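Okay, structure first, notes after.
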Amino acid sequence: MMEQYKGAPFGELSPHVFAVADASYRAMTTEGRSQSILVSGESGAGKTETTKLIMQYLTYVGGRAASDERTVEQQVLESNPLLEAFGNARTVRNDNSSRFGKFVEIQFDANGRISGAAIRTYLLERSRVVQITDPERNYHCFYQLCASGKDAEKYKLGHPSHFHYLNQSKTYELDGVSNAEEYMKTRTAMDIVGISYEEQEAIFRTLAAILHLGNVEFSPGKEHDSSVLKDQKSSFHMQMAANLFMCDENLLLATLSTRTIQTREGIIIKALDCNGAVSSRDALAKTVYARLFDWLVEKINRSVGQDLNSQMQIGVLDIYGFECFKDNSFEQFCINFANEKLQQHFNEHVFKMEQEEYSKEEIDWSYIEFIDNQDVLDLIEKKPLGIIALLDEACMFPKSTHHTFSTRLFQSFRDHPRWEKAKFSETDFTLSHYAGKVTYHTDFFLDKNRDYVVVDHCNLLSSSKCPFVADLFCSLPEESSRSSYKFSSVATRFKQQLQALMETLNTTEPHYVRCVKPNSLNRPQKFENLSILHQLRCGGVLEAVRISLAGYPTRRTYSEFVDRFGLLAPEFMDISYDEKSTTEKILKNLKLENFQLGKTKVFLRAGQIGVLDSRRAEVLDNAAKRIQCQLRTFVARRNFVSTRAAAFALQAFCRGFLARALYAVKRETAAAIFIQKHVRRWLLRHAYVELYSAAVTIQSNIRGFSTRQRFVHGKKHKAATMIQARWRMRKVRSAFQHHQASIVAIQCLWRRKLAKRELRKLKQLANESGALRLAKTKLEKQLEDLTWRLHLEKRIRVSNEEAKSAEILRLQTVVESLNLELDASKLATINECNKNAVLQNQLELSGKEKSALERELKDMAELRKENTVLKSSLDALDKKNSDMENELRKAQKNSNDTIQKLQEFEHKCYDLQQNVNSLKEKLSVLEDENHIMRQKALAVSPKSNRRGYEKASVPEKNSGALVPHTDRKPEFESPTPSKLITPFSHGLSESRRTKLAVERHQENYEFLSRCIKDDIGFKDSKPSAACIIYKCLLQWHAFESERTVIFDHIIEGINDVLRVGDENITLPYWLSNASALLCLLQRNLRPNGFPATQRSAGSSSLALRIAHGLTSPFKQGDGMSHLEARYPAILFKQQLTACVEKIFGLMRDSLKKELAPLLGSCIQAPKAARVHAGKSRSPGNAPQQLPGSQWDNIIKFLDNLMIRLRGNHVPSFFIRKLITQVFSFINMSLFNSLLLRRECCTFSNGEYVKSGLAELEKWIVNTGDEVIHQKRRKSLDEIRQDLCPALTIRQIYRISTMYWDDKYGTQSVSNEVVAQMRELLNKDNQNLTSNSFLLDDDLSIPFSTEDIDKAIPLIDPSDIEIPSSLSGYSCVQFLVQHQNEIVRSSQIVAA
């Protein structure tokens, strides 16, 4: 693109910055005068990028081939990224805003080649080093250094958020910019510019030291107004800063926390408080960074080299644009002052010099008005009452503040037209710049204008062991100052730099590039018209266009005009040599009127130079075309004649050759056809004969081989069967014989032992003379011992019974805790192992206790045997021992009672054991599922959760061996017809297969959504929706899939229907369907992927039982085998269980909510009913009950409920559970109302409630459930055991004391019973944990998955017909085909 603009006339091509650069370069080479290009615009308009393009073009057209590695033009270009890294930062409007002004002088030799360059900078924003606002950033070099990797580690740097100078803003990264890559580019630019490796290391050491210095914090010291390091972290950063500066740490701390004042008597050291120390720290950081930046600019200038003998140069000015933020401070004031200077230069060049030239040439023109900003410049820089002068004056006084400075400004410029006072602030002021009004906050004007140089800092760093740091702070001349702070005005120095810049620009011919920011959002292809128009107006572009149109923008000297446009009128060129008259004749000949003839130049209106250039180009084009026409005619004719002669000769030769070749080809073709016919016939016959003979041979051999194989296999099978039969028979016979011999031997030995024992006893009795007396004495002692043992045994049994009851309570609490742990295990599978281990220990303890009880029962059996022996012995005694026999009978009776109690306890233990066994089975199943969850969670990588078709990465294990890859189940796919066409599907591309699979899945989801949302109904009391969903999941192999998308879709669909639909319709319908689907899953699924042999030999018995249970095959009574399901299917079953419980809970809560207002009106009898009851009752007659309308409403409500439940074929199991909880709620509500409301606890109200309960009992009898029976008893034991067995003493006492007979004044409970209850209450008050006497509402779910499985009958989903509205889906065509086959088979049977 640069080649297109090279040498092209200005304005010939489309506007571009290359055109401006080329015009300045051509003007410099032709006129021999230095040029300058001023790039201006708002912040973020692209001035820096425009400057880069200009420098690229100038190095392109003015570059030279050099033998060294780094040419001047390359160094000039690479200086841009280096200065951007250290001088650019992110602002509110721009991600790469230049925070300094730059004027690049590119020097050229006499041949127009680059011979040198120089860079001058203006007003670096030093305050940004120590203070930034969100979302701005500090200078880029700090973030690049933190992202440098090894270099950052070497300097103990980390993320920018760890440093105070960088974390004041939360913006650390720029969109599309990598700090690490920019760091390497900065390093490369340093190499090209000529900065050595040692100097680069020293530069980044200095930057790291500044960051560490910013993290140094101070706290008040022991002395007044003193400061010390805050903590260990500050000490570390102080040490790092001293090490990087290569200076003494203590001296650095002293220079930051103290101030040295020099007096006539000597040097005084004053301690600084925390704020003063922080200010000293920030001043050191700003000074170091400013001197580092100045050193870089100086180094670039020295490396590039300046050509002192150059007479021509092009200066490119890139300075900050006009800025107007919400908060404008000293930096914006200086920046806008510089833009006012540049605007004045633009006005002088475009407006003033334009009109001065008109006057000089003495042409006829009228004065054009334009906006002059000289009054604003006088307001800012004029002495002695300019803003800068007053600011320097305020800075000279130590006690001056921004309030006094603002007051001084208001007094001096009160009547100035460009000056305004801010409305809502006493210290802010507003200036009317050329680009608009800007309000400045003077809070920090004085601080930012004071450029203090701390002598102690300079002395410390000038003595650094690092040569680079020492060069930055060369020794200062001694000054007789009382303070260690040297003051210099930043604004004055900046004004002087601008003045020098203006002088430089005045010696050159300027070219202007106005950068326009299209929008304030930094977005491409978006233009804000009002903003662009405002920028053009503020930049003076519209004014320049207006003046150019009103004046004569194009001017040429007469000699230039005649030399360029004389060929338009050649007839006037030879007549006169007066250039002015010739120019006038040419313009009149071309009929141009809007021009003026001056003394030495001709002036043309806008657009006329284009007309002249177009006419000149037209004349030149016509002349060139005429010359080209004649030359092309001559060349074409000569070529034609020679070509025609050659063509005649070639045509004759070619025609003869083609005729001969055509004849030879025809003859060869006829011969080849004849030969091919006979050869093909022979080859085909020969091949057929060979193939026929080979086929016959192969068939005979194969048939013989297969026959022999079948014969050998049948022979081996028969022999193996005979061997197995003989071996099994021999094995069984030998085992039986061995067992029989062992039994006979044991019986013989035991009988011999008994016989010997009896023989010894008989011998002893025969040998003793006083055998009877000794026997009597022995029996008496044995009787006393037995009596004592019986009493002891009775006490032991009582204590054992208490221990057993406590153990039963403890086991119940354990069972409850197990239920809670099992519920929690569904949500926290990782912690389930520890809970299961605790539960296993408890079960083992229960087993040990059971074994101890069994041993005690064995002891009791032995005691019974001993009692039998004693009874036989006592029968032989004398009648004198009758009393002892009576006592023995009593003891025997007590023993029998104890044995009966033990048998009852054994029965209870057996029931408890059955409950424990059921809990063990549930626990084993849950541990099985939890283990599968943990195994899947650990084995499946995160990538396996993505939606798509991915292969399993980890092979499954089974019995310690790897399963082959071919045994794996395929991913979940819909069995669409396209899946059956294997060759075609394999021929498809991968993307096509993926697309088809996605479409199949989408169709499956749509079908499931329709099936869930539509009310399909029931067939033969079986829910159609549940059966269809189960058959589809089974057909689609969803239970073998590794993903849960389709299961989640089903659960979400059910939840959406429950949330949107009518509760009275959707809840019973989906309770029936969800329970049916859960039963199908419970009966037909078993977990897969749980290897039994992975357990260690030392594992617990429960874990072994779980593993054994999982590895054993699961069969149902109907012969249907379980399907092996993976983790998502197990999880889906748990989610479905939770869904059934949720539906049940919603129905129960809805029924309670509807029953609550009805029960509230039923608790108290209406007044009319009470009066009627009082009149119709006498002491000898029974009351006449009047059924209330409120109880009728409850009966109607229950009837409607049963109609809805039976209409949706809800299983009777759920109906019983639901009705049980509803009646429990009725009992609880009525009982609590009686206890809480004394007016309800009356005789008549009891009769009213009793009549309502009788109606409910009648309803229960009609529905087939049990009837509520009540008994009227008076004693306390009968009340507690028969009448109110479910109530506590506190509740019975409460209702007995609150009761009152509102008709006859009688008392149904005697005072003795009330006194007994009061005594029991006083005893129980010491052990009660709660004083509440109300009944609690049962909010639990009264069933489990196993209960549902046992209660609901078997469901056969095979005969379910799919509705016609859903039969159009291709994914369920297998159901339609199955239904058609059933219909055809039934028709065949009928036929």
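Identifiers for the structure tokens are assigned positionally: chains receive A, B, ... in sequence, residues are indexed from 1 per chain, and ligands are indexed from 1 in the order shown.
Once A:Pro518 and its same-chain neighbours fewer than 3 positions away are set aside, Ala45, Leu521, Asn522, Arg523, Pro524, Gln525, Lys526, Phe527, Glu528, Asn529, Ser531 and Ile532 of chain A remain within 9 Å of it when counting only C-alpha atoms.
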All residues 10 Å or closer to stretch 48-62 of chain A, only C-alpha atoms, same chain fewer than 2 positions away omitted, as a PyMOL selection string: chain A and resi 2-3+5-7+17-22+24-25+37-40+44-46+64+72-74+76-78+80-81+84+88+96-98+102+104+106-109+111-115+314-320+513-515
Stretch 233-298 of chain A near stretch 203-224 of chain A within 9 Å: what's each residue's closest atom pair and its distance in Å to one decimal, counting only C-alpha atoms, ordered by chain then ascending residue number, as a Markdown table?
```
| residue | atom | partner | partner_atom | distance |
| --- | --- | --- | --- | --- |
| A:Lys233 | CA | A:Val216 | CA | 7.9 |
| A:Ser234 | CA | A:Val216 | CA | 4.6 |
| A:Ser235 | CA | A:Val216 | CA | 7.3 |
| A:Phe236 | CA | A:Val216 | CA | 8.5 |
| A:His237 | CA | A:His212 | CA | 5.0 |
| A:Met238 | CA | A:Val216 | CA | 6.1 |
| A:Gln239 | CA | A:His212 | CA | 8.8 |
| A:Met240 | CA | A:His212 | CA | 6.6 |
| A:Ala241 | CA | A:Ala209 | CA | 4.5 |
| A:Ala242 | CA | A:Ala209 | CA | 7.6 |
| A:Asn243 | CA | A:Ala209 | CA | 8.2 |
| A:Leu244 | CA | A:Ala209 | CA | 5.5 |
| A:Phe245 | CA | A:Ala209 | CA | 6.6 |
| A:Ser257 | CA | A:Phe218 | CA | 8.7 |
| A:Ala271 | CA | A:His224 | CA | 8.6 |
| A:Asp273 | CA | A:Pro220 | CA | 6.8 |
| A:Cys274 | CA | A:Phe218 | CA | 5.6 |
| A:Asn275 | CA | A:Phe218 | CA | 8.4 |
| A:Ala277 | CA | A:Phe218 | CA | 7.2 |
| A:Val278 | CA | A:Phe218 | CA | 7.3 |
| A:Arg281 | CA | A:Leu213 | CA | 7.2 |
| A:Asp282 | CA | A:Gly214 | CA | 7.4 |
| A:Leu284 | CA | A:Ile210 | CA | 8.7 |
| A:Ala285 | CA | A:Ile210 | CA | 5.7 |
| A:Lys286 | CA | A:Ile210 | CA | 8.8 |
| A:Val288 | CA | A:Ile210 | CA | 7.9 |
| A:Tyr289 | CA | A:Leu207 | CA | 7.7 |
| A:Leu292 | CA | A:Ile203 | CA | 7.6 |
```
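By only C-alpha atoms, and with residues fewer than 6 positions from A:Leu82 along its chain excluded, the set lying at most 12 Å from it is Gln75, Val76, Asn88, Tyr139, His140, Cys141, Gln144, Glu182, Tyr183, Met184, Lys185, Thr186, Arg187, Thr188, Ala189, Met190, Asp191, Ile192, Val193, Gly194, Ile195, Gln200, Phe293, Leu296, Val297, Lys299 and Ile300 of chain A.
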Write the residues you've just listed into a file as an mmCIF file, in the first residue's frame, and include N, CA, C and O atoms for each of them.
```cif
data_model
loop_
_atom_site.group_PDB
_atom_site.id
_atom_site.type_symbol
_atom_site.label_atom_id
_atom_site.label_comp_id
_atom_site.auth_asym_id
_atom_site.auth_seq_id
_atom_site.Cartn_x
_atom_site.Cartn_y
_atom_site.Cartn_z
ATOM 1 N N GLN A 75 15.992 1.454 14.098
ATOM 2 C CA GLN A 75 16.056 1.945 15.469
ATOM 3 C C GLN A 75 14.972 2.990 15.728
ATOM 4 O O GLN A 75 14.389 3.048 16.820
ATOM 5 N N VAL A 76 14.676 3.802 14.729
ATOM 6 C CA VAL A 76 13.623 4.808 14.891
ATOM 7 C C VAL A 76 12.270 4.130 15.081
ATOM 8 O O VAL A 76 11.458 4.521 15.937
ATOM 9 N N ASN A 88 3.256 4.911 28.111
ATOM 10 C CA ASN A 88 1.835 4.781 27.801
ATOM 11 C C ASN A 88 1.147 3.991 28.907
ATOM 12 O O ASN A 88 1.759 3.136 29.548
ATOM 13 N N TYR A 139 1.801 2.438 34.189
ATOM 14 C CA TYR A 139 2.523 2.293 32.931
ATOM 15 C C TYR A 139 2.693 0.817 32.585
ATOM 16 O O TYR A 139 2.833 -0.045 33.466
ATOM 17 N N HIS A 140 2.707 0.504 31.258
ATOM 18 C CA HIS A 140 2.695 -0.885 30.805
ATOM 19 C C HIS A 140 3.888 -1.678 31.301
ATOM 20 O O HIS A 140 3.788 -2.895 31.502
ATOM 21 N N CYS A 141 5.051 -1.051 31.499
ATOM 22 C CA CYS A 141 6.270 -1.779 31.815
ATOM 23 C C CYS A 141 6.148 -2.533 33.139
ATOM 24 O O CYS A 141 6.731 -3.615 33.304
ATOM 25 N N GLN A 144 4.211 -5.738 32.406
ATOM 26 C CA GLN A 144 5.037 -6.641 31.610
ATOM 27 C C GLN A 144 6.092 -7.315 32.468
ATOM 28 O O GLN A 144 6.362 -8.514 32.320
ATOM 29 N N GLU A 182 4.298 -8.856 25.257
ATOM 30 C CA GLU A 182 4.747 -7.471 25.175
ATOM 31 C C GLU A 182 6.090 -7.285 25.876
ATOM 32 O O GLU A 182 6.913 -6.460 25.464
ATOM 33 N N TYR A 183 6.335 -8.049 26.925
ATOM 34 C CA TYR A 183 7.637 -7.975 27.603
ATOM 35 C C TYR A 183 8.754 -8.414 26.660
ATOM 36 O O TYR A 183 9.816 -7.773 26.599
ATOM 37 N N MET A 184 8.539 -9.488 25.913
ATOM 38 C CA MET A 184 9.567 -9.950 24.970
ATOM 39 C C MET A 184 9.753 -8.945 23.840
ATOM 40 O O MET A 184 10.883 -8.719 23.380
ATOM 41 N N LYS A 185 8.662 -8.290 23.393
ATOM 42 C CA LYS A 185 8.800 -7.261 22.356
ATOM 43 C C LYS A 185 9.601 -6.075 22.885
ATOM 44 O O LYS A 185 10.424 -5.492 22.165
ATOM 45 N N THR A 186 9.371 -5.709 24.143
ATOM 46 C CA THR A 186 10.141 -4.606 24.730
ATOM 47 C C THR A 186 11.618 -4.966 24.810
ATOM 48 O O THR A 186 12.500 -4.134 24.522
ATOM 49 N N ARG A 187 11.910 -6.193 25.188
ATOM 50 C CA ARG A 187 13.300 -6.652 25.219
ATOM 51 C C ARG A 187 13.927 -6.586 23.819
ATOM 52 O O ARG A 187 15.064 -6.142 23.653
ATOM 53 N N THR A 188 13.198 -7.023 22.811
ATOM 54 C CA THR A 188 13.707 -6.976 21.436
ATOM 55 C C THR A 188 13.949 -5.537 20.991
ATOM 56 O O THR A 188 14.958 -5.230 20.337
ATOM 57 N N ALA A 189 13.026 -4.645 21.341
ATOM 58 C CA ALA A 189 13.219 -3.238 20.983
ATOM 59 C C ALA A 189 14.459 -2.665 21.662
ATOM 60 O O ALA A 189 15.204 -1.870 21.061
ATOM 61 N N MET A 190 14.716 -3.060 22.904
ATOM 62 C CA MET A 190 15.935 -2.597 23.583
ATOM 63 C C MET A 190 17.182 -3.093 22.865
ATOM 64 O O MET A 190 18.182 -2.348 22.723
ATOM 65 N N ASP A 191 17.152 -4.342 22.401
ATOM 66 C CA ASP A 191 18.309 -4.861 21.669
ATOM 67 C C ASP A 191 18.534 -4.088 20.386
ATOM 68 O O ASP A 191 19.674 -3.762 20.022
ATOM 69 N N ILE A 192 17.464 -3.791 19.666
ATOM 70 C CA ILE A 192 17.612 -3.080 18.391
ATOM 71 C C ILE A 192 18.079 -1.652 18.621
ATOM 72 O O ILE A 192 18.923 -1.134 17.883
ATOM 73 N N VAL A 193 17.546 -1.012 19.645
ATOM 74 C CA VAL A 193 17.948 0.367 19.921
ATOM 75 C C VAL A 193 19.406 0.439 20.351
ATOM 76 O O VAL A 193 20.084 1.444 20.114
ATOM 77 N N GLY A 194 19.908 -0.614 20.954
ATOM 78 C CA GLY A 194 21.322 -0.625 21.327
ATOM 79 C C GLY A 194 21.553 -0.620 22.825
ATOM 80 O O GLY A 194 22.654 -0.298 23.275
ATOM 81 N N ILE A 195 20.566 -0.998 23.604
ATOM 82 C CA ILE A 195 20.725 -1.077 25.053
ATOM 83 C C ILE A 195 21.314 -2.449 25.384
ATOM 84 O O ILE A 195 20.752 -3.480 24.990
ATOM 85 N N GLN A 200 19.820 -3.427 30.401
ATOM 86 C CA GLN A 200 18.446 -3.913 30.485
ATOM 87 C C GLN A 200 18.153 -4.504 31.859
ATOM 88 O O GLN A 200 17.086 -4.247 32.454
ATOM 89 N N PHE A 293 13.048 7.337 32.709
ATOM 90 C CA PHE A 293 12.450 7.630 31.410
ATOM 91 C C PHE A 293 13.331 8.600 30.621
ATOM 92 O O PHE A 293 13.545 8.420 29.415
ATOM 93 N N LEU A 296 16.197 6.731 29.169
ATOM 94 C CA LEU A 296 15.840 5.949 27.990
ATOM 95 C C LEU A 296 15.789 6.825 26.744
ATOM 96 O O LEU A 296 16.306 6.438 25.685
ATOM 97 N N VAL A 297 15.170 8.006 26.875
ATOM 98 C CA VAL A 297 15.098 8.899 25.719
ATOM 99 C C VAL A 297 16.499 9.316 25.280
ATOM 100 O O VAL A 297 16.833 9.324 24.081
ATOM 101 N N LYS A 299 19.254 7.692 25.804
ATOM 102 C CA LYS A 299 19.933 6.516 25.251
ATOM 103 C C LYS A 299 19.486 6.264 23.826
ATOM 104 O O LYS A 299 20.308 5.917 22.949
ATOM 105 N N ILE A 300 18.207 6.408 23.553
ATOM 106 C CA ILE A 300 17.706 6.214 22.182
ATOM 107 C C ILE A 300 18.333 7.245 21.253
ATOM 108 O O ILE A 300 18.766 6.930 20.134
#
```
Near-A:Arg33 list (8 Å; only C-alpha atoms; drop same-chain fewer than 4 positions) as an MDAnalysis selection string: chainID A and resid 27:29 312:313 508:509
May I have the selected residues written with N, CA and C atoms, as a PDB file, in the first residue's frame?
```pdb
ATOM      1  N   ALA A  27       7.885  17.541  -0.540  1.00  0.00           N
ATOM      2  CA  ALA A  27       8.144  18.969  -0.358  1.00  0.00           C
ATOM      3  C   ALA A  27       9.545  19.207   0.193  1.00  0.00           C
ATOM      4  N   MET A  28      10.015  18.343   1.089  1.00  0.00           N
ATOM      5  CA  MET A  28      11.369  18.497   1.643  1.00  0.00           C
ATOM      6  C   MET A  28      12.430  18.274   0.557  1.00  0.00           C
ATOM      7  N   THR A  29      12.251  17.239  -0.264  1.00  0.00           N
ATOM      8  CA  THR A  29      13.272  16.932  -1.275  1.00  0.00           C
ATOM      9  C   THR A  29      13.273  17.943  -2.420  1.00  0.00           C
ATOM     10  N   MET A 312      18.075  19.092   6.242  1.00  0.00           N
ATOM     11  CA  MET A 312      16.651  18.801   6.030  1.00  0.00           C
ATOM     12  C   MET A 312      16.201  17.786   7.083  1.00  0.00           C
ATOM     13  N   GLN A 313      15.035  18.004   7.566  1.00  0.00           N
ATOM     14  CA  GLN A 313      14.479  17.084   8.561  1.00  0.00           C
ATOM     15  C   GLN A 313      12.952  17.171   8.527  1.00  0.00           C
ATOM     16  N   THR A 508       9.662  25.282  10.272  1.00  0.00           N
ATOM     17  CA  THR A 508       9.337  24.231   9.303  1.00  0.00           C
ATOM     18  C   THR A 508       8.009  24.533   8.652  1.00  0.00           C
ATOM     19  N   GLU A 509       7.773  23.800   7.570  1.00  0.00           N
ATOM     20  CA  GLU A 509       6.482  23.902   6.904  1.00  0.00           C
ATOM     21  C   GLU A 509       5.556  22.835   7.490  1.00  0.00           C
TER      22      GLU A 509
END
```
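In this comparison, which uses only C-alpha atoms, the residue of A:Phe1132, A:Ser1229, A:Lys1217, A:Glu340 approaching A:Pro1157 most closely is A:Ser1229.
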Could you give me, as an mmCIF file with C-alpha atoms, in the first residue's frame, the residues within 12 Å of A:Glu856, counting only C-alpha atoms and dropping anything in the same chain fewer than 5 positions from it?
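The result, stored in result-v5.cif:
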```cif
data_model
loop_
_atom_site.group_PDB
_atom_site.id
_atom_site.type_symbol
_atom_site.label_atom_id
_atom_site.label_comp_id
_atom_site.auth_asym_id
_atom_site.auth_seq_id
_atom_site.Cartn_x
_atom_site.Cartn_y
_atom_site.Cartn_z
ATOM 1 C CA GLU A 793 -31.839 -65.601 88.545
ATOM 2 C CA ILE A 796 -30.795 -61.112 87.009
ATOM 3 C CA ARG A 797 -33.688 -61.631 84.614
ATOM 4 C CA ASN A 800 -31.693 -58.289 81.953
ATOM 5 C CA GLU A 849 -25.218 -59.143 72.346
ATOM 6 C CA LYS A 850 -27.509 -61.525 70.508
ATOM 7 C CA SER A 851 -24.967 -64.327 70.868
ATOM 8 C CA ALA A 861 -32.304 -74.953 78.992
ATOM 9 C CA GLU A 862 -29.698 -76.645 81.159
ATOM 10 C CA LEU A 863 -31.475 -75.325 84.241
ATOM 11 C CA ILE A 899 -39.381 -69.286 80.833
ATOM 12 C CA LEU A 902 -38.050 -65.472 78.095
ATOM 13 C CA GLU A 906 -37.121 -64.398 72.322
#
```
Members of stretch 394-569 of chain A assigned helix (DSSP H, G or I) by DSSP, as a count of residues only: 81
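The residues of stretch 429-541 of chain A that DSSP classifies as strand (DSSP E), using the backbone of this structure, are Phe429, Thr430, Leu431, Ser432, His433, Gly436, Lys437, Val438, Thr439, Tyr440, Val453, Val454, Tyr485, Lys486, Glu509, Pro510, His511, Tyr512, Val513, Arg514 and Cys515 of chain A.
In this comparison, which uses only C-alpha atoms, the residue of A:Thr407, A:Ser36, A:Gln497, A:Thr258 approaching A:Tyr122 most closely is A:Gln497.
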Residue among A:Met722, A:Ala1138, A:Ile743, A:Leu567 lying closest to A:Ala623, counting only C-alpha atoms: A:Leu567
Long-range neighbours of A:Leu409 as number ranges by chain, 9 Å cut-off, only C-alpha atoms, 2 positions minimum in chain: A: 385-387, 390, 404-407, 411-414, 429
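Taking atom CA of A:Phe103 as the reference point, atom CA of A:Asp471 is found at 25.0 Å.
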Residue neighbourhood stretch 555-561 of chain A, 9 Å, only C-alpha atoms, exclusion window fewer than 2 positions, as a ChimeraX atom specification: /A:552-553,563-566,579-580,582-583,600-605,609
Next, write the just-selected residues to a file, as an mmCIF file, in the first residue's frame, keeping N, CA and C atoms as the atom set.
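Written file, out_1.cif:
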```cif
data_model
loop_
_atom_site.group_PDB
_atom_site.id
_atom_site.type_symbol
_atom_site.label_atom_id
_atom_site.label_comp_id
_atom_site.auth_asym_id
_atom_site.auth_seq_id
_atom_site.Cartn_x
_atom_site.Cartn_y
_atom_site.Cartn_z
ATOM 1 N N TYR A 552 -8.760 31.142 -1.591
ATOM 2 C CA TYR A 552 -8.119 30.482 -2.722
ATOM 3 C C TYR A 552 -7.126 29.471 -2.175
ATOM 4 N N PRO A 553 -7.540 28.255 -1.984
ATOM 5 C CA PRO A 553 -6.651 27.279 -1.349
ATOM 6 C C PRO A 553 -5.518 26.820 -2.246
ATOM 7 N N ASP A 563 4.775 25.614 -16.886
ATOM 8 C CA ASP A 563 5.479 24.352 -17.145
ATOM 9 C C ASP A 563 4.532 23.154 -17.053
ATOM 10 N N ARG A 564 3.582 23.207 -16.139
ATOM 11 C CA ARG A 564 2.705 22.039 -15.929
ATOM 12 C C ARG A 564 1.515 22.038 -16.862
ATOM 13 N N PHE A 565 0.893 23.192 -17.079
ATOM 14 C CA PHE A 565 -0.349 23.222 -17.835
ATOM 15 C C PHE A 565 -0.205 23.921 -19.186
ATOM 16 N N GLY A 566 1.018 24.206 -19.670
ATOM 17 C CA GLY A 566 1.188 24.844 -20.978
ATOM 18 C C GLY A 566 0.764 23.950 -22.120
ATOM 19 N N GLU A 579 5.001 35.083 -18.748
ATOM 20 C CA GLU A 579 4.353 33.941 -18.091
ATOM 21 C C GLU A 579 2.998 34.328 -17.518
ATOM 22 N N LYS A 580 2.847 35.536 -16.995
ATOM 23 C CA LYS A 580 1.576 35.939 -16.426
ATOM 24 C C LYS A 580 0.490 35.998 -17.481
ATOM 25 N N THR A 582 0.548 34.494 -20.365
ATOM 26 C CA THR A 582 0.312 33.132 -20.864
ATOM 27 C C THR A 582 -0.609 32.364 -19.913
ATOM 28 N N THR A 583 -0.393 32.562 -18.622
ATOM 29 C CA THR A 583 -1.255 31.888 -17.638
ATOM 30 C C THR A 583 -2.692 32.347 -17.789
ATOM 31 N N THR A 600 3.225 37.297 -8.208
ATOM 32 C CA THR A 600 4.104 36.186 -8.588
ATOM 33 C C THR A 600 3.362 34.864 -8.688
ATOM 34 N N LYS A 601 2.096 34.808 -8.247
ATOM 35 C CA LYS A 601 1.377 33.533 -8.215
ATOM 36 C C LYS A 601 -0.005 33.714 -8.785
ATOM 37 N N VAL A 602 -0.544 32.581 -9.189
ATOM 38 C CA VAL A 602 -1.926 32.517 -9.605
ATOM 39 C C VAL A 602 -2.686 31.777 -8.508
ATOM 40 N N PHE A 603 -3.869 32.306 -8.120
ATOM 41 C CA PHE A 603 -4.677 31.744 -7.043
ATOM 42 C C PHE A 603 -5.945 31.162 -7.641
ATOM 43 N N LEU A 604 -6.247 29.906 -7.235
ATOM 44 C CA LEU A 604 -7.390 29.187 -7.785
ATOM 45 C C LEU A 604 -8.341 28.818 -6.663
ATOM 46 N N ARG A 605 -9.634 28.790 -7.015
ATOM 47 C CA ARG A 605 -10.651 28.374 -6.070
ATOM 48 C C ARG A 605 -10.567 26.854 -5.826
ATOM 49 N N ILE A 609 -8.039 23.212 -9.429
ATOM 50 C CA ILE A 609 -6.788 22.509 -9.745
ATOM 51 C C ILE A 609 -7.087 21.081 -10.181
#
```
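Across the structure, atom CA of A:Asp248 and atom CA of A:Gly276 are spaced 21.0 Å apart.
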